[in-house]
Each structure stands twice: as C-alpha cells, then as structure tokens.
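A.B. asks: Here it is, the structure in full.
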Amino acid sequence: MSIWWSLQLRRDAASVPLARRLLRGAMDTAGVDADVSHDLSLALTEACSNAVRHAEGASDVFRVTACIDGDVCHIEVSDSGPGFPSAADPPGEPDTGRAPVGVPDPLVMGDSGFEADPLRVPGREESG
C-alpha cells in the first residue's frame, strides 16, 4: 500500500497533535508495526515542535509531508526559519528552555485519547 499526504499547518502548538494523529492514522491503515509507528510519531512530534518553537521571524505556517510506500516511510517537516548555524559556529547549549512567551509548548500539550483513537478530535465527545 502506498499513502502520500502533505499539509500546510499554522505555526501553532495545536497543529502538532493534528499532524501526529494524521500520521498515526496513515500508518495504522498501511499496517505499520505499532512500535515503529510510535517511534515515527514521536520523531514527527519533535520536528513539528521545533518548527513551531524556533522559526521565529519566519512564515506563520510550516509543512509536513509523509509518504508510506511498502516498508519505507519518508517524513519531512519544513519551515521558512533561518535554519541552523553554519559548521564554523560553535555549538550552543541544548535547547532545554521553555517556549517563547505566548507560545504553548507542543510537547506538553495533552492528547490523552490519542492511543485509543488516532483520528479523534480532542475535546469533542461523541453524542449518542
């Protein structure tokens, strides 16, 4: 099975769980192993979080593209931020600080029903 999708998302913390749920849903549909799916969704979360937190002065959007083809999964997260310092610049300390003021940290945003239903919209209860 081959699945390909690309999203342009607002550079907002709420976009991170949306991208993660879409990826998990696509991987579940493609039959990706649960452990692999978990690891890839964690990597996507980190990459999206970086785009949200560190692309200051850039566009208000970022793009997530995913392709699952057989046993290969390619995921790309891109933004229009300034990028990393050149190799000639000394590395800084790891980013352990909090998100800039007014920007919620997407890594601490809850998604409690995520494992049970990857396509569930958080906060929306089913009527019935």
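Please note that chains go A, B, ... in the order of the structure tokens, that every chain numbers its residues from 1, and that ligands are numbered from 1 in the order shown.
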Using DSSP secondary structure from the backbone, list all strand (DSSP E or B) positions within segment 27-97 of chain A, as a PDB file with N, CA, C and O atoms, in the first residue's frame.
C.D. replies:
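After the write, part_14.pdb holds the following:
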```pdb
ATOM      1  N   VAL A  61       3.343  29.574   8.879  1.00  0.00           N
ATOM      2  CA  VAL A  61       2.978  28.198   8.549  1.00  0.00           C
ATOM      3  C   VAL A  61       4.226  27.327   8.435  1.00  0.00           C
ATOM      4  O   VAL A  61       5.335  27.821   8.278  1.00  0.00           O
ATOM      5  N   PHE A  62       4.001  26.021   8.536  1.00  0.00           N
ATOM      6  CA  PHE A  62       5.044  25.047   8.232  1.00  0.00           C
ATOM      7  C   PHE A  62       4.390  23.895   7.482  1.00  0.00           C
ATOM      8  O   PHE A  62       3.168  23.784   7.439  1.00  0.00           O
ATOM      9  N   ARG A  63       5.169  23.058   6.847  1.00  0.00           N
ATOM     10  CA  ARG A  63       4.644  21.980   6.012  1.00  0.00           C
ATOM     11  C   ARG A  63       5.124  20.633   6.539  1.00  0.00           C
ATOM     12  O   ARG A  63       6.272  20.486   6.926  1.00  0.00           O
ATOM     13  N   VAL A  64       4.200  19.671   6.530  1.00  0.00           N
ATOM     14  CA  VAL A  64       4.503  18.288   6.875  1.00  0.00           C
ATOM     15  C   VAL A  64       4.116  17.433   5.680  1.00  0.00           C
ATOM     16  O   VAL A  64       2.995  17.527   5.179  1.00  0.00           O
ATOM     17  N   THR A  65       5.052  16.634   5.205  1.00  0.00           N
ATOM     18  CA  THR A  65       4.806  15.722   4.097  1.00  0.00           C
ATOM     19  C   THR A  65       5.189  14.316   4.549  1.00  0.00           C
ATOM     20  O   THR A  65       6.235  14.137   5.169  1.00  0.00           O
ATOM     21  N   ALA A  66       4.344  13.355   4.265  1.00  0.00           N
ATOM     22  CA  ALA A  66       4.630  11.969   4.631  1.00  0.00           C
ATOM     23  C   ALA A  66       4.310  11.062   3.453  1.00  0.00           C
ATOM     24  O   ALA A  66       3.327  11.275   2.736  1.00  0.00           O
ATOM     25  N   CYS A  67       5.159  10.073   3.264  1.00  0.00           N
ATOM     26  CA  CYS A  67       4.947   9.066   2.228  1.00  0.00           C
ATOM     27  C   CYS A  67       5.245   7.700   2.833  1.00  0.00           C
ATOM     28  O   CYS A  67       6.323   7.488   3.383  1.00  0.00           O
ATOM     29  N   ILE A  68       4.281   6.827   2.764  1.00  0.00           N
ATOM     30  CA  ILE A  68       4.454   5.448   3.213  1.00  0.00           C
ATOM     31  C   ILE A  68       4.291   4.588   1.976  1.00  0.00           C
ATOM     32  O   ILE A  68       3.245   4.606   1.324  1.00  0.00           O
ATOM     33  N   ASP A  69       5.344   3.873   1.630  1.00  0.00           N
ATOM     34  CA  ASP A  69       5.313   3.025   0.440  1.00  0.00           C
ATOM     35  C   ASP A  69       5.944   1.690   0.791  1.00  0.00           C
ATOM     36  O   ASP A  69       7.164   1.595   0.936  1.00  0.00           O
ATOM     37  N   VAL A  72       8.785   1.427   3.570  1.00  0.00           N
ATOM     38  CA  VAL A  72       9.549   2.673   3.668  1.00  0.00           C
ATOM     39  C   VAL A  72       8.604   3.815   4.028  1.00  0.00           C
ATOM     40  O   VAL A  72       7.538   3.960   3.434  1.00  0.00           O
ATOM     41  N   CYS A  73       9.015   4.617   5.006  1.00  0.00           N
ATOM     42  CA  CYS A  73       8.241   5.788   5.400  1.00  0.00           C
ATOM     43  C   CYS A  73       9.171   6.995   5.355  1.00  0.00           C
ATOM     44  O   CYS A  73      10.230   6.997   5.991  1.00  0.00           O
ATOM     45  N   HIS A  74       8.800   7.992   4.580  1.00  0.00           N
ATOM     46  CA  HIS A  74       9.581   9.227   4.478  1.00  0.00           C
ATOM     47  C   HIS A  74       8.721  10.351   5.028  1.00  0.00           C
ATOM     48  O   HIS A  74       7.586  10.536   4.588  1.00  0.00           O
ATOM     49  N   ILE A  75       9.273  11.091   6.006  1.00  0.00           N
ATOM     50  CA  ILE A  75       8.553  12.205   6.616  1.00  0.00           C
ATOM     51  C   ILE A  75       9.432  13.440   6.525  1.00  0.00           C
ATOM     52  O   ILE A  75      10.622  13.383   6.828  1.00  0.00           O
ATOM     53  N   GLU A  76       8.837  14.547   6.107  1.00  0.00           N
ATOM     54  CA  GLU A  76       9.586  15.802   6.007  1.00  0.00           C
ATOM     55  C   GLU A  76       8.783  16.911   6.676  1.00  0.00           C
ATOM     56  O   GLU A  76       7.592  17.048   6.436  1.00  0.00           O
ATOM     57  N   VAL A  77       9.460  17.678   7.521  1.00  0.00           N
ATOM     58  CA  VAL A  77       8.869  18.857   8.138  1.00  0.00           C
ATOM     59  C   VAL A  77       9.720  20.035   7.702  1.00  0.00           C
ATOM     60  O   VAL A  77      10.938  20.026   7.878  1.00  0.00           O
ATOM     61  N   SER A  78       9.093  21.046   7.113  1.00  0.00           N
ATOM     62  CA  SER A  78       9.864  22.193   6.632  1.00  0.00           C
ATOM     63  C   SER A  78       9.186  23.494   7.055  1.00  0.00           C
ATOM     64  O   SER A  78       7.976  23.568   7.199  1.00  0.00           O
TER      65      SER A  78
END
```
A.B. asks: So the first atom is atom CA of Pro82 of chain A and the second is atom CA of Arg24 of chain A; what is the distance between them in Å, to one decimal place?
C.D. replies: 29.2 Å
A.B. asks: How many Å lie between atom CA of Ala51 of chain A and atom CA of Val32 of chain A, rounded to one decimal?
C.D. replies: 25.6 Å
A.B. asks: Which residue gives the smallest distance to Val36 of chain A among A:Leu7, A:Asp12, A:Ser49, A:Leu23, with only C-alpha atoms counted?
C.D. replies: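 The shortest atom-to-atom distance to Val36 of chain A comes from A:Leu23.
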